[in-house]
2 protein chains.
Amino acid sequence: MTKEKYGNKLKDSNLKVTPQRTAVLEALDNLKDHPTADKIKEYVVKNNPNIAVGTIYKTLETFVEKGMVNRVKTEEGVMRYDAILDRHHHLYCEETKRIEDFFDDELNEILIKYFEKKKISNFAIKDIKLQIIGTFDSKKN
Amino acid sequence: MTKEKYGNKLKDSNLKVTPQRTAVLEALDNLKDHPTADKIKEYVVKNNPNIAVGTIYKTLETFVEKGMVNRVKTEEGVMRYDAILDRHHHLYCEETKRIEDFFDDELNEILIKYFEKKKISNFAIKDIKLQIIGTFDSKKN
DNA sequence: TATTAAATAGGAATAGTTCTTATTTAAGAT
DNA sequence: ATCTTAAATAAGAACTATTCCTATTTAATA
Ligand SMILES: [Mn+2]
Ligand SMILES: [Mn+2]
Ligand SMILES: [Zn+2]
Ligand SMILES: [Zn+2]
């Protein structure tokens, strides 16, 4: 019962369970490629044809505030969202602007250890993410 | 003769030397905090009161194309620019949105070696940047 | 000094996002 | 089950960063 899963997630964050929020959660759960608000809308609209675009933005903002979703740093003019909260890094494709997840616990260990030794003066680190910039091999796109 | 320096930089990139471009270069050279187009305009306007904002954007775009300037990835709605081309990473302050440079050759070595061993399948790495997220100690702000 | 391709000024247009407000609704209380 | 009410939503206006358009100006070269 996956619909129920989203309801519980909302309750856990002390949010009222609405069809709009449930739909956005579902979209985020299914669109794994760091979607824009617009992509989320496209997905949500299939089952909720009357949802307002402002609601999508408002919902995403709420989710970010509650820590249910993260924004992804880009150098484009559009915001992208990430529902995966486990620590991971990102592959940025320069050609296609695709952003793919990169999980690597060994690397995380190395980074943590490195910055335990080497403190940055006047800066308290909360998180470290790698931007791995390059291109996907275009054998099959 | 620093004015001349900017002129040469432009010539090196096969760009016509104009007062507007020189001024934007000078602004980028002096504003070390990854300025927005608007901050650059504020700086440039002091000596070039008639410059058009569109010219600033166009100039920055040209510089990015020529590899004289990089965009900085953020999760804000405004673009920020970086005139430092030497390999470096960024400290992102969650509170103030300040972005500060972080140079660390030892860390670069570690990363390069790590990814020489551990290739990412189907992805050709061009560059790796760390997003070091946290807060600056607010002793003096 | 004349030529010309390129650059700029000025302002309109666009796009992503936020804001406003009347209406609707979820959730708790009765 | 119905009532109550604070919160959420729809619809569209407003806002803001950026891009686009084009008449005019200018840098570079001859
Ligand atoms: Mn940089
Ligand atoms: Mn925008
Ligand atoms: Zn991700
Ligand atoms: Zn920098």
# chains A, B, ... in the order shown; residues from 1 in each chain; ligands from 1
>>> interface_residues(of="chain D", to="chain B", cutoff="10 Å", atoms="only C-alpha atoms (C1' of nucleotides)", output="PDB file with all heavy atoms, in the first residue's frame")
ATOM      1  P    DT D  16      10.792  42.001  -7.117  1.00  0.00           P
ATOM      2  OP1  DT D  16      11.255  42.041  -5.719  1.00  0.00           O
ATOM      3  OP2  DT D  16      10.625  43.227  -7.923  1.00  0.00           O
ATOM      4  O5'  DT D  16      11.756  41.026  -7.925  1.00  0.00           O
ATOM      5  C5'  DT D  16      11.782  39.646  -7.617  1.00  0.00           C
ATOM      6  C4'  DT D  16      12.791  38.981  -8.522  1.00  0.00           C
ATOM      7  O4'  DT D  16      12.138  38.549  -9.731  1.00  0.00           O
ATOM      8  C3'  DT D  16      13.925  39.897  -8.986  1.00  0.00           C
ATOM      9  O3'  DT D  16      15.078  39.101  -9.086  1.00  0.00           O
ATOM     10  C2'  DT D  16      13.456  40.374 -10.345  1.00  0.00           C
ATOM     11  C1'  DT D  16      12.799  39.093 -10.849  1.00  0.00           C
ATOM     12  N1   DT D  16      11.784  39.238 -11.918  1.00  0.00           N
ATOM     13  C2   DT D  16      11.581  38.158 -12.742  1.00  0.00           C
ATOM     14  O2   DT D  16      12.180  37.114 -12.636  1.00  0.00           O
ATOM     15  N3   DT D  16      10.618  38.353 -13.703  1.00  0.00           N
ATOM     16  C4   DT D  16       9.879  39.495 -13.915  1.00  0.00           C
ATOM     17  O4   DT D  16       9.054  39.541 -14.812  1.00  0.00           O
ATOM     18  C5   DT D  16      10.156  40.591 -13.011  1.00  0.00           C
ATOM     19  C7   DT D  16       9.405  41.869 -13.166  1.00  0.00           C
ATOM     20  C6   DT D  16      11.079  40.408 -12.069  1.00  0.00           C
ATOM     21  P    DA D  17      16.497  39.692  -8.967  1.00  0.00           P
ATOM     22  OP1  DA D  17      16.989  39.544  -7.582  1.00  0.00           O
ATOM     23  OP2  DA D  17      16.487  41.000  -9.629  1.00  0.00           O
ATOM     24  O5'  DA D  17      17.311  38.669  -9.870  1.00  0.00           O
ATOM     25  C5'  DA D  17      17.075  37.284  -9.717  1.00  0.00           C
ATOM     26  C4'  DA D  17      17.242  36.623 -11.060  1.00  0.00           C
ATOM     27  O4'  DA D  17      16.127  36.965 -11.898  1.00  0.00           O
ATOM     28  C3'  DA D  17      18.500  37.040 -11.815  1.00  0.00           C
ATOM     29  O3'  DA D  17      19.189  35.860 -12.201  1.00  0.00           O
ATOM     30  C2'  DA D  17      17.978  37.853 -13.003  1.00  0.00           C
ATOM     31  C1'  DA D  17      16.589  37.293 -13.183  1.00  0.00           C
ATOM     32  N9   DA D  17      15.606  38.213 -13.762  1.00  0.00           N
ATOM     33  C8   DA D  17      15.349  39.500 -13.377  1.00  0.00           C
ATOM     34  N7   DA D  17      14.400  40.090 -14.065  1.00  0.00           N
ATOM     35  C5   DA D  17      14.001  39.117 -14.958  1.00  0.00           C
ATOM     36  C6   DA D  17      13.027  39.103 -15.974  1.00  0.00           C
ATOM     37  N6   DA D  17      12.244  40.153 -16.262  1.00  0.00           N
ATOM     38  N1   DA D  17      12.874  37.973 -16.681  1.00  0.00           N
ATOM     39  C2   DA D  17      13.649  36.917 -16.405  1.00  0.00           C
ATOM     40  N3   DA D  17      14.604  36.808 -15.481  1.00  0.00           N
ATOM     41  C4   DA D  17      14.732  37.957 -14.783  1.00  0.00           C
ATOM     42  P    DT D  18      20.526  35.954 -13.011  1.00  0.00           P
ATOM     43  OP1  DT D  18      21.230  34.696 -12.775  1.00  0.00           O
ATOM     44  OP2  DT D  18      21.164  37.253 -12.774  1.00  0.00           O
ATOM     45  O5'  DT D  18      19.988  35.920 -14.518  1.00  0.00           O
ATOM     46  C5'  DT D  18      19.264  34.786 -14.939  1.00  0.00           C
ATOM     47  C4'  DT D  18      18.731  35.017 -16.331  1.00  0.00           C
ATOM     48  O4'  DT D  18      17.813  36.124 -16.341  1.00  0.00           O
ATOM     49  C3'  DT D  18      19.793  35.351 -17.378  1.00  0.00           C
ATOM     50  O3'  DT D  18      19.859  34.238 -18.266  1.00  0.00           O
ATOM     51  C2'  DT D  18      19.298  36.639 -18.028  1.00  0.00           C
ATOM     52  C1'  DT D  18      17.824  36.652 -17.640  1.00  0.00           C
ATOM     53  N1   DT D  18      17.172  37.981 -17.575  1.00  0.00           N
ATOM     54  C2   DT D  18      16.114  38.234 -18.406  1.00  0.00           C
ATOM     55  O2   DT D  18      15.689  37.410 -19.204  1.00  0.00           O
ATOM     56  N3   DT D  18      15.561  39.478 -18.286  1.00  0.00           N
ATOM     57  C4   DT D  18      15.953  40.486 -17.418  1.00  0.00           C
ATOM     58  O4   DT D  18      15.377  41.558 -17.400  1.00  0.00           O
ATOM     59  C5   DT D  18      17.069  40.153 -16.568  1.00  0.00           C
ATOM     60  C7   DT D  18      17.581  41.162 -15.585  1.00  0.00           C
ATOM     61  C6   DT D  18      17.617  38.939 -16.683  1.00  0.00           C
ATOM     62  P    DT D  19      20.772  34.248 -19.523  1.00  0.00           P
ATOM     63  OP1  DT D  19      21.173  32.849 -19.720  1.00  0.00           O
ATOM     64  OP2  DT D  19      21.769  35.322 -19.399  1.00  0.00           O
ATOM     65  O5'  DT D  19      19.772  34.657 -20.695  1.00  0.00           O
ATOM     66  C5'  DT D  19      18.572  33.931 -20.842  1.00  0.00           C
ATOM     67  C4'  DT D  19      17.768  34.542 -21.963  1.00  0.00           C
ATOM     68  O4'  DT D  19      17.296  35.852 -21.581  1.00  0.00           O
ATOM     69  C3'  DT D  19      18.561  34.737 -23.259  1.00  0.00           C
ATOM     70  O3'  DT D  19      17.762  34.156 -24.288  1.00  0.00           O
ATOM     71  C2'  DT D  19      18.711  36.255 -23.379  1.00  0.00           C
ATOM     72  C1'  DT D  19      17.466  36.743 -22.655  1.00  0.00           C
ATOM     73  N1   DT D  19      17.504  38.090 -22.027  1.00  0.00           N
ATOM     74  C2   DT D  19      16.497  38.986 -22.314  1.00  0.00           C
ATOM     75  O2   DT D  19      15.593  38.734 -23.076  1.00  0.00           O
ATOM     76  N3   DT D  19      16.598  40.188 -21.666  1.00  0.00           N
ATOM     77  C4   DT D  19      17.568  40.581 -20.771  1.00  0.00           C
ATOM     78  O4   DT D  19      17.537  41.690 -20.248  1.00  0.00           O
ATOM     79  C5   DT D  19      18.597  39.598 -20.519  1.00  0.00           C
ATOM     80  C7   DT D  19      19.704  39.929 -19.564  1.00  0.00           C
ATOM     81  C6   DT D  19      18.524  38.417 -21.147  1.00  0.00           C
ATOM     82  P    DC D  20      18.228  34.131 -25.789  1.00  0.00           P
ATOM     83  OP1  DC D  20      17.753  32.853 -26.355  1.00  0.00           O
ATOM     84  OP2  DC D  20      19.658  34.517 -25.867  1.00  0.00           O
ATOM     85  O5'  DC D  20      17.378  35.312 -26.441  1.00  0.00           O
ATOM     86  C5'  DC D  20      15.981  35.350 -26.198  1.00  0.00           C
ATOM     87  C4'  DC D  20      15.393  36.574 -26.882  1.00  0.00           C
ATOM     88  O4'  DC D  20      15.642  37.748 -26.064  1.00  0.00           O
ATOM     89  C3'  DC D  20      15.979  36.865 -28.263  1.00  0.00           C
ATOM     90  O3'  DC D  20      14.885  37.111 -29.142  1.00  0.00           O
ATOM     91  C2'  DC D  20      16.851  38.104 -28.041  1.00  0.00           C
ATOM     92  C1'  DC D  20      16.147  38.791 -26.870  1.00  0.00           C
ATOM     93  N1   DC D  20      17.016  39.615 -25.974  1.00  0.00           N
ATOM     94  C2   DC D  20      16.599  40.897 -25.615  1.00  0.00           C
ATOM     95  O2   DC D  20      15.536  41.320 -26.071  1.00  0.00           O
ATOM     96  N3   DC D  20      17.379  41.630 -24.787  1.00  0.00           N
ATOM     97  C4   DC D  20      18.512  41.130 -24.316  1.00  0.00           C
ATOM     98  N4   DC D  20      19.247  41.894 -23.489  1.00  0.00           N
ATOM     99  C5   DC D  20      18.962  39.826 -24.666  1.00  0.00           C
ATOM    100  C6   DC D  20      18.196  39.102 -25.493  1.00  0.00           C
ATOM    101  P    DT D  26      30.240  55.634 -29.554  1.00  0.00           P
ATOM    102  OP1  DT D  26      30.460  55.940 -28.135  1.00  0.00           O
ATOM    103  OP2  DT D  26      30.403  56.661 -30.604  1.00  0.00           O
ATOM    104  O5'  DT D  26      31.150  54.386 -29.937  1.00  0.00           O
ATOM    105  C5'  DT D  26      30.987  53.179 -29.214  1.00  0.00           C
ATOM    106  C4'  DT D  26      31.923  52.143 -29.782  1.00  0.00           C
ATOM    107  O4'  DT D  26      31.415  51.664 -31.048  1.00  0.00           O
ATOM    108  C3'  DT D  26      33.335  52.667 -30.057  1.00  0.00           C
ATOM    109  O3'  DT D  26      34.217  51.692 -29.589  1.00  0.00           O
ATOM    110  C2'  DT D  26      33.380  52.777 -31.578  1.00  0.00           C
ATOM    111  C1'  DT D  26      32.489  51.604 -31.962  1.00  0.00           C
ATOM    112  N1   DT D  26      31.871  51.623 -33.309  1.00  0.00           N
ATOM    113  C2   DT D  26      31.830  50.457 -34.038  1.00  0.00           C
ATOM    114  O2   DT D  26      32.281  49.406 -33.631  1.00  0.00           O
ATOM    115  N3   DT D  26      31.234  50.556 -35.263  1.00  0.00           N
ATOM    116  C4   DT D  26      30.682  51.698 -35.822  1.00  0.00           C
ATOM    117  O4   DT D  26      30.180  51.667 -36.931  1.00  0.00           O
ATOM    118  C5   DT D  26      30.763  52.890 -35.008  1.00  0.00           C
ATOM    119  C7   DT D  26      30.210  54.180 -35.531  1.00  0.00           C
ATOM    120  C6   DT D  26      31.350  52.800 -33.802  1.00  0.00           C
ATOM    121  P    DA D  27      35.623  52.064 -29.040  1.00  0.00           P
ATOM    122  OP1  DA D  27      35.582  52.158 -27.574  1.00  0.00           O
ATOM    123  OP2  DA D  27      36.137  53.192 -29.852  1.00  0.00           O
ATOM    124  O5'  DA D  27      36.434  50.755 -29.415  1.00  0.00           O
ATOM    125  C5'  DA D  27      35.863  49.485 -29.124  1.00  0.00           C
ATOM    126  C4'  DA D  27      36.470  48.450 -30.049  1.00  0.00           C
ATOM    127  O4'  DA D  27      35.927  48.611 -31.383  1.00  0.00           O
ATOM    128  C3'  DA D  27      37.980  48.542 -30.196  1.00  0.00           C
ATOM    129  O3'  DA D  27      38.472  47.214 -30.200  1.00  0.00           O
ATOM    130  C2'  DA D  27      38.189  49.265 -31.528  1.00  0.00           C
ATOM    131  C1'  DA D  27      36.947  48.881 -32.319  1.00  0.00           C
ATOM    132  N9   DA D  27      36.402  49.920 -33.205  1.00  0.00           N
ATOM    133  C8   DA D  27      36.341  51.267 -32.987  1.00  0.00           C
ATOM    134  N7   DA D  27      35.747  51.940 -33.954  1.00  0.00           N
ATOM    135  C5   DA D  27      35.383  50.959 -34.864  1.00  0.00           C
ATOM    136  C6   DA D  27      34.714  51.014 -36.108  1.00  0.00           C
ATOM    137  N6   DA D  27      34.257  52.139 -36.663  1.00  0.00           N
ATOM    138  N1   DA D  27      34.521  49.858 -36.756  1.00  0.00           N
ATOM    139  C2   DA D  27      34.951  48.720 -36.210  1.00  0.00           C
ATOM    140  N3   DA D  27      35.584  48.532 -35.057  1.00  0.00           N
ATOM    141  C4   DA D  27      35.774  49.710 -34.424  1.00  0.00           C
ATOM    142  P    DA D  28      40.003  46.933 -30.282  1.00  0.00           P
ATOM    143  OP1  DA D  28      40.259  45.677 -29.549  1.00  0.00           O
ATOM    144  OP2  DA D  28      40.726  48.167 -29.926  1.00  0.00           O
ATOM    145  O5'  DA D  28      40.195  46.635 -31.826  1.00  0.00           O
ATOM    146  C5'  DA D  28      39.574  45.486 -32.373  1.00  0.00           C
ATOM    147  C4'  DA D  28      39.790  45.462 -33.877  1.00  0.00           C
ATOM    148  O4'  DA D  28      39.097  46.581 -34.475  1.00  0.00           O
ATOM    149  C3'  DA D  28      41.254  45.568 -34.321  1.00  0.00           C
ATOM    150  O3'  DA D  28      41.471  44.564 -35.289  1.00  0.00           O
ATOM    151  C2'  DA D  28      41.357  46.967 -34.904  1.00  0.00           C
ATOM    152  C1'  DA D  28      39.950  47.160 -35.445  1.00  0.00           C
ATOM    153  N9   DA D  28      39.513  48.543 -35.606  1.00  0.00           N
ATOM    154  C8   DA D  28      39.752  49.615 -34.793  1.00  0.00           C
ATOM    155  N7   DA D  28      39.205  50.741 -35.205  1.00  0.00           N
ATOM    156  C5   DA D  28      38.564  50.381 -36.380  1.00  0.00           C
ATOM    157  C6   DA D  28      37.803  51.118 -37.309  1.00  0.00           C
ATOM    158  N6   DA D  28      37.540  52.432 -37.190  1.00  0.00           N
ATOM    159  N1   DA D  28      37.296  50.446 -38.377  1.00  0.00           N
ATOM    160  C2   DA D  28      37.555  49.137 -38.498  1.00  0.00           C
ATOM    161  N3   DA D  28      38.257  48.339 -37.685  1.00  0.00           N
ATOM    162  C4   DA D  28      38.737  49.031 -36.641  1.00  0.00           C
TER     163       DA D  28
END
>>> interface_residues(of="chain B", to="chain A", cutoff="6 Å", atoms="only C-alpha atoms", output="count of residues only")
19
>>> residues_near_ligand(ligand="ligand 3", cutoff="8 Å", atoms="only C-alpha atoms (C1' of nucleotides) and all ligand atoms", output="ChimeraX atom specification")
/A:32-34,72,82-85,88-90,99-102
>>> write_last_selection(atoms="all heavy atoms", output="tab-separated table (two decimals), in the first residue's frame")
chain	number	residue	atom	x	y	z
A	32	LYS	N	13.53	9.79	-10.58
A	32	LYS	CA	14.81	9.63	-9.88
A	32	LYS	C	15.89	10.57	-10.42
A	32	LYS	O	17.03	10.51	-9.98
A	32	LYS	CB	15.30	8.19	-10.03
A	32	LYS	CG	14.36	7.14	-9.47
A	32	LYS	CD	14.28	7.25	-7.94
A	32	LYS	CE	13.55	6.05	-7.34
A	32	LYS	NZ	13.33	6.19	-5.90
A	33	ASP	N	15.54	11.40	-11.38
A	33	ASP	CA	16.59	12.16	-12.07
A	33	ASP	C	16.64	13.64	-11.67
A	33	ASP	O	16.95	14.49	-12.47
A	33	ASP	CB	16.43	12.03	-13.57
A	33	ASP	CG	15.00	12.37	-14.01
A	33	ASP	OD1	14.15	12.56	-13.13
A	33	ASP	OD2	14.77	12.48	-15.22
A	34	HIS	N	16.32	13.91	-10.39
A	34	HIS	CA	16.44	15.28	-9.90
A	34	HIS	C	15.58	16.23	-10.73
A	34	HIS	O	16.09	17.13	-11.39
A	34	HIS	CB	17.91	15.72	-9.89
A	34	HIS	CG	18.79	14.70	-9.24
A	34	HIS	ND1	19.39	13.70	-9.93
A	34	HIS	CD2	19.13	14.52	-7.95
A	34	HIS	CE1	20.08	12.93	-9.10
A	34	HIS	NE2	19.94	13.40	-7.88
A	72	VAL	N	19.00	20.70	-5.37
A	72	VAL	CA	20.27	20.31	-5.97
A	72	VAL	C	20.92	21.54	-6.58
A	72	VAL	O	20.26	22.30	-7.29
A	72	VAL	CB	20.07	19.23	-7.06
A	72	VAL	CG1	21.40	18.82	-7.65
A	72	VAL	CG2	19.34	18.03	-6.48
A	82	ASP	N	15.63	16.69	-5.08
A	82	ASP	CA	16.20	15.37	-4.83
A	82	ASP	C	15.53	14.78	-3.60
A	82	ASP	O	15.62	15.34	-2.51
A	82	ASP	CB	17.70	15.52	-4.58
A	82	ASP	CG	18.42	14.19	-4.60
A	82	ASP	OD1	17.75	13.14	-4.49
A	82	ASP	OD2	19.66	14.19	-4.70
A	83	ALA	N	14.82	13.68	-3.79
A	83	ALA	CA	14.11	13.07	-2.66
A	83	ALA	C	14.96	12.04	-1.94
A	83	ALA	O	14.54	11.47	-0.94
A	83	ALA	CB	12.82	12.42	-3.15
A	84	ILE	N	16.14	11.77	-2.44
A	84	ILE	CA	17.01	10.79	-1.78
A	84	ILE	C	17.82	11.49	-0.71
A	84	ILE	O	18.61	12.40	-1.00
A	84	ILE	CB	17.91	10.09	-2.81
A	84	ILE	CG1	17.04	9.27	-3.75
A	84	ILE	CG2	18.94	9.23	-2.11
A	84	ILE	CD1	17.80	8.60	-4.86
A	85	LEU	N	17.59	11.08	0.51
A	85	LEU	CA	18.23	11.77	1.63
A	85	LEU	C	19.51	11.10	2.07
A	85	LEU	O	20.33	11.71	2.75
A	85	LEU	CB	17.25	11.85	2.81
A	85	LEU	CG	15.94	12.60	2.49
A	85	LEU	CD1	15.00	12.55	3.67
A	85	LEU	CD2	16.22	14.04	2.09
A	88	HIS	N	24.93	11.10	-0.65
A	88	HIS	CA	25.43	10.71	-1.96
A	88	HIS	C	25.93	11.93	-2.72
A	88	HIS	O	25.71	13.07	-2.31
A	88	HIS	CB	24.35	9.97	-2.76
A	88	HIS	CG	23.18	10.83	-3.14
A	88	HIS	ND1	22.18	11.16	-2.27
A	88	HIS	CD2	22.86	11.42	-4.30
A	88	HIS	CE1	21.30	11.92	-2.88
A	88	HIS	NE2	21.68	12.10	-4.13
A	89	HIS	N	26.59	11.65	-3.82
A	89	HIS	CA	27.19	12.71	-4.63
A	89	HIS	C	26.50	12.73	-5.99
A	89	HIS	O	25.65	11.92	-6.27
A	89	HIS	CB	28.69	12.46	-4.73
A	89	HIS	CG	29.33	12.27	-3.40
A	89	HIS	ND1	29.60	13.30	-2.54
A	89	HIS	CD2	29.70	11.14	-2.73
A	89	HIS	CE1	30.12	12.84	-1.41
A	89	HIS	NE2	30.20	11.53	-1.50
A	90	HIS	N	26.94	13.68	-6.82
A	90	HIS	CA	26.24	13.85	-8.10
A	90	HIS	C	27.18	13.90	-9.29
A	90	HIS	O	28.21	14.58	-9.26
A	90	HIS	CB	25.38	15.12	-8.07
A	90	HIS	CG	24.16	14.97	-7.24
A	90	HIS	ND1	23.74	15.90	-6.33
A	90	HIS	CD2	23.25	13.95	-7.18
A	90	HIS	CE1	22.63	15.47	-5.74
A	90	HIS	NE2	22.32	14.31	-6.23
A	99	ILE	N	21.67	14.83	-14.25
A	99	ILE	CA	22.33	14.73	-12.95
A	99	ILE	C	22.02	13.36	-12.39
A	99	ILE	O	20.86	13.02	-12.18
A	99	ILE	CB	21.84	15.82	-11.98
A	99	ILE	CG1	22.12	17.22	-12.55
A	99	ILE	CG2	22.52	15.67	-10.62
A	99	ILE	CD1	21.51	18.35	-11.73
A	100	GLU	N	23.06	12.57	-12.16
A	100	GLU	CA	22.85	11.21	-11.69
A	100	GLU	C	23.49	11.04	-10.32
A	100	GLU	O	24.48	11.69	-9.98
A	100	GLU	CB	23.47	10.22	-12.69
A	100	GLU	CG	22.86	8.84	-12.58
A	100	GLU	CD	23.22	7.97	-13.79
A	100	GLU	OE1	22.57	8.14	-14.85
A	100	GLU	OE2	24.14	7.14	-13.66
A	101	ASP	N	22.91	10.16	-9.54
A	101	ASP	CA	23.43	9.93	-8.19
A	101	ASP	C	24.69	9.09	-8.21
A	101	ASP	O	24.89	8.25	-9.09
A	101	ASP	CB	22.37	9.22	-7.34
A	101	ASP	CG	21.22	10.13	-7.01
A	101	ASP	OD1	21.46	11.35	-6.91
A	101	ASP	OD2	20.09	9.64	-6.87
A	102	PHE	N	25.53	9.34	-7.22
A	102	PHE	CA	26.75	8.56	-7.07
A	102	PHE	C	26.94	8.24	-5.59
A	102	PHE	O	27.21	9.13	-4.79
A	102	PHE	CB	27.95	9.36	-7.61
A	102	PHE	CG	29.25	8.65	-7.49
A	102	PHE	CD1	29.56	7.57	-8.31
A	102	PHE	CD2	30.19	9.05	-6.54
A	102	PHE	CE1	30.77	6.91	-8.18
A	102	PHE	CE2	31.40	8.39	-6.42
A	102	PHE	CZ	31.69	7.32	-7.25
>>> interface_residues(of="chain C", to="chain B", cutoff="10 Å", atoms="only C-alpha atoms (C1' of nucleotides)", output="CSV table (one decimal) with N, CA and C atoms (P, O5', C5', C4', C3', O3' and C1' of nucleotides), in the first residue's frame")
chain,number,residue,atom,x,y,z
C,6,DA,P,31.7,39.5,-37.4
C,6,DA,O5',31.8,40.4,-36.1
C,6,DA,C5',33.0,41.0,-35.7
C,6,DA,C4',32.8,41.8,-34.4
C,6,DA,C3',32.0,41.2,-33.4
C,6,DA,O3',32.6,41.4,-32.1
C,6,DA,C1',31.0,43.2,-34.0
C,7,DA,P,32.0,41.0,-30.8
C,7,DA,O5',31.4,42.4,-30.2
C,7,DA,C5',32.3,43.4,-30.1
C,7,DA,C4',31.6,44.6,-29.4
C,7,DA,C3',30.9,44.2,-28.1
C,7,DA,O3',31.2,45.1,-27.1
C,7,DA,C1',29.4,45.3,-29.7
C,8,DT,P,30.5,45.1,-25.7
C,8,DT,O5',29.3,46.2,-25.9
C,8,DT,C5',29.7,47.5,-26.2
C,8,DT,C4',28.5,48.4,-26.2
C,8,DT,C3',27.6,48.3,-25.0
C,8,DT,O3',27.4,49.6,-24.4
C,8,DT,C1',26.3,48.1,-27.0
C,9,DA,P,26.6,49.8,-23.1
C,9,DA,O5',25.3,50.5,-23.8
C,9,DA,C5',25.4,51.6,-24.6
C,9,DA,C4',24.0,52.2,-24.9
C,9,DA,C3',23.1,52.3,-23.7
C,9,DA,O3',22.3,53.5,-23.8
C,9,DA,C1',22.2,50.7,-25.2
C,10,DG,P,21.4,54.0,-22.7
C,10,DG,O5',19.9,53.5,-23.0
C,10,DG,C5',19.4,53.7,-24.3
C,10,DG,C4',18.2,52.8,-24.5
C,10,DG,C3',17.4,52.7,-23.2
C,10,DG,O3',16.1,53.3,-23.4
C,10,DG,C1',17.7,50.6,-24.3
C,16,DG,P,11.0,28.0,-17.6
C,16,DG,O5',11.4,28.0,-16.1
C,16,DG,C5',12.6,28.6,-15.7
C,16,DG,C4',12.5,29.2,-14.3
C,16,DG,C3',11.8,28.3,-13.3
C,16,DG,O3',12.6,28.2,-12.2
C,16,DG,C1',10.8,30.5,-13.4
C,17,DT,P,12.1,27.3,-11.0
C,17,DT,O5',11.3,28.4,-10.1
C,17,DT,C5',12.1,29.5,-9.7
C,17,DT,C4',11.2,30.5,-9.0
C,17,DT,C3',10.4,30.0,-7.8
C,17,DT,O3',11.0,30.6,-6.7
C,17,DT,C1',9.1,31.4,-9.2
>>> select_by_dssp(residues="range 65-126 of chain A", states="alpha helix (DSSP H)", output="ChimeraX atom specification")
/A:65,105-117
>>> atom_distance(atom1="CA of Lys46 in chain B", atom2="CA of Phe63 in chain B")
21.1 Å
>>> closest_residue(among="B:Asp86, B:Glu109, B:Asp104, B:Glu95", to="ligand 1", atoms="only C-alpha atoms and all ligand atoms")
B:Asp86
>>> atom_distance(atom1="CA of Ala27 in chain A", atom2="CA of Val69 in chain A")
12.0 Å
>>> decode(residues="range 9-19 of chain D", atoms="N, CA, C and O atoms (P, O5', C5', C4', C3', O3' and C1' of nucleotides)", output="short mmCIF file (atom, residue, chain, number, x, y, z; two decimals), in the first residue's frame")
data_model
loop_
_atom_site.label_atom_id
_atom_site.label_comp_id
_atom_site.auth_asym_id
_atom_site.auth_seq_id
_atom_site.Cartn_x
_atom_site.Cartn_y
_atom_site.Cartn_z
P DT D 9 -2.11 21.70 -0.27
"O5'" DT D 9 -3.14 22.46 -1.21
"C5'" DT D 9 -4.44 21.94 -1.35
"C4'" DT D 9 -5.23 22.81 -2.31
"C3'" DT D 9 -4.52 23.10 -3.64
"O3'" DT D 9 -5.37 22.66 -4.68
"C1'" DT D 9 -5.40 25.09 -2.66
P DA D 10 -4.98 22.73 -6.20
"O5'" DA D 10 -5.82 23.98 -6.70
"C5'" DA D 10 -7.23 24.02 -6.50
"C4'" DA D 10 -7.82 25.20 -7.24
"C3'" DA D 10 -7.31 25.41 -8.66
"O3'" DA D 10 -8.40 25.88 -9.45
"C1'" DA D 10 -6.69 27.27 -7.30
P DA D 11 -8.31 26.00 -11.03
"O5'" DA D 11 -8.02 27.56 -11.23
"C5'" DA D 11 -8.91 28.52 -10.65
"C4'" DA D 11 -8.27 29.89 -10.77
"C3'" DA D 11 -7.50 30.09 -12.08
"O3'" DA D 11 -8.15 31.11 -12.83
"C1'" DA D 11 -6.26 30.85 -10.19
P DG D 12 -7.55 31.59 -14.27
"O5'" DG D 12 -6.73 32.89 -13.87
"C5'" DG D 12 -7.30 33.83 -12.95
"C4'" DG D 12 -6.20 34.71 -12.42
"C3'" DG D 12 -5.26 35.26 -13.50
"O3'" DG D 12 -4.98 36.60 -13.20
"C1'" DG D 12 -4.02 34.31 -11.80
P DA D 13 -4.57 37.63 -14.36
"O5'" DA D 13 -3.97 38.79 -13.44
"C5'" DA D 13 -4.57 39.08 -12.19
"C4'" DA D 13 -3.50 39.53 -11.21
"C3'" DA D 13 -2.49 40.49 -11.82
"O3'" DA D 13 -2.24 41.54 -10.89
"C1'" DA D 13 -1.37 38.59 -10.94
P DA D 14 -1.16 42.66 -11.22
"O5'" DA D 14 0.17 42.11 -10.52
"C5'" DA D 14 0.13 41.80 -9.14
"C4'" DA D 14 1.53 41.45 -8.68
"C3'" DA D 14 2.62 42.39 -9.18
"O3'" DA D 14 3.42 42.71 -8.07
"C1'" DA D 14 3.16 40.14 -9.74
P DC D 15 4.63 43.71 -8.15
"O5'" DC D 15 5.86 42.71 -8.22
"C5'" DC D 15 5.94 41.69 -7.25
"C4'" DC D 15 7.14 40.81 -7.54
"C3'" DC D 15 8.39 41.59 -7.98
"O3'" DC D 15 9.42 41.20 -7.12
"C1'" DC D 15 7.94 39.79 -9.47
P DT D 16 10.79 42.00 -7.12
"O5'" DT D 16 11.76 41.03 -7.92
"C5'" DT D 16 11.78 39.65 -7.62
"C4'" DT D 16 12.79 38.98 -8.52
"C3'" DT D 16 13.92 39.90 -8.99
"O3'" DT D 16 15.08 39.10 -9.09
"C1'" DT D 16 12.80 39.09 -10.85
P DA D 17 16.50 39.69 -8.97
"O5'" DA D 17 17.31 38.67 -9.87
"C5'" DA D 17 17.08 37.28 -9.72
"C4'" DA D 17 17.24 36.62 -11.06
"C3'" DA D 17 18.50 37.04 -11.81
"O3'" DA D 17 19.19 35.86 -12.20
"C1'" DA D 17 16.59 37.29 -13.18
P DT D 18 20.53 35.95 -13.01
"O5'" DT D 18 19.99 35.92 -14.52
"C5'" DT D 18 19.26 34.79 -14.94
"C4'" DT D 18 18.73 35.02 -16.33
"C3'" DT D 18 19.79 35.35 -17.38
"O3'" DT D 18 19.86 34.24 -18.27
"C1'" DT D 18 17.82 36.65 -17.64
P DT D 19 20.77 34.25 -19.52
"O5'" DT D 19 19.77 34.66 -20.69
"C5'" DT D 19 18.57 33.93 -20.84
"C4'" DT D 19 17.77 34.54 -21.96
"C3'" DT D 19 18.56 34.74 -23.26
"O3'" DT D 19 17.76 34.16 -24.29
"C1'" DT D 19 17.47 36.74 -22.65
#
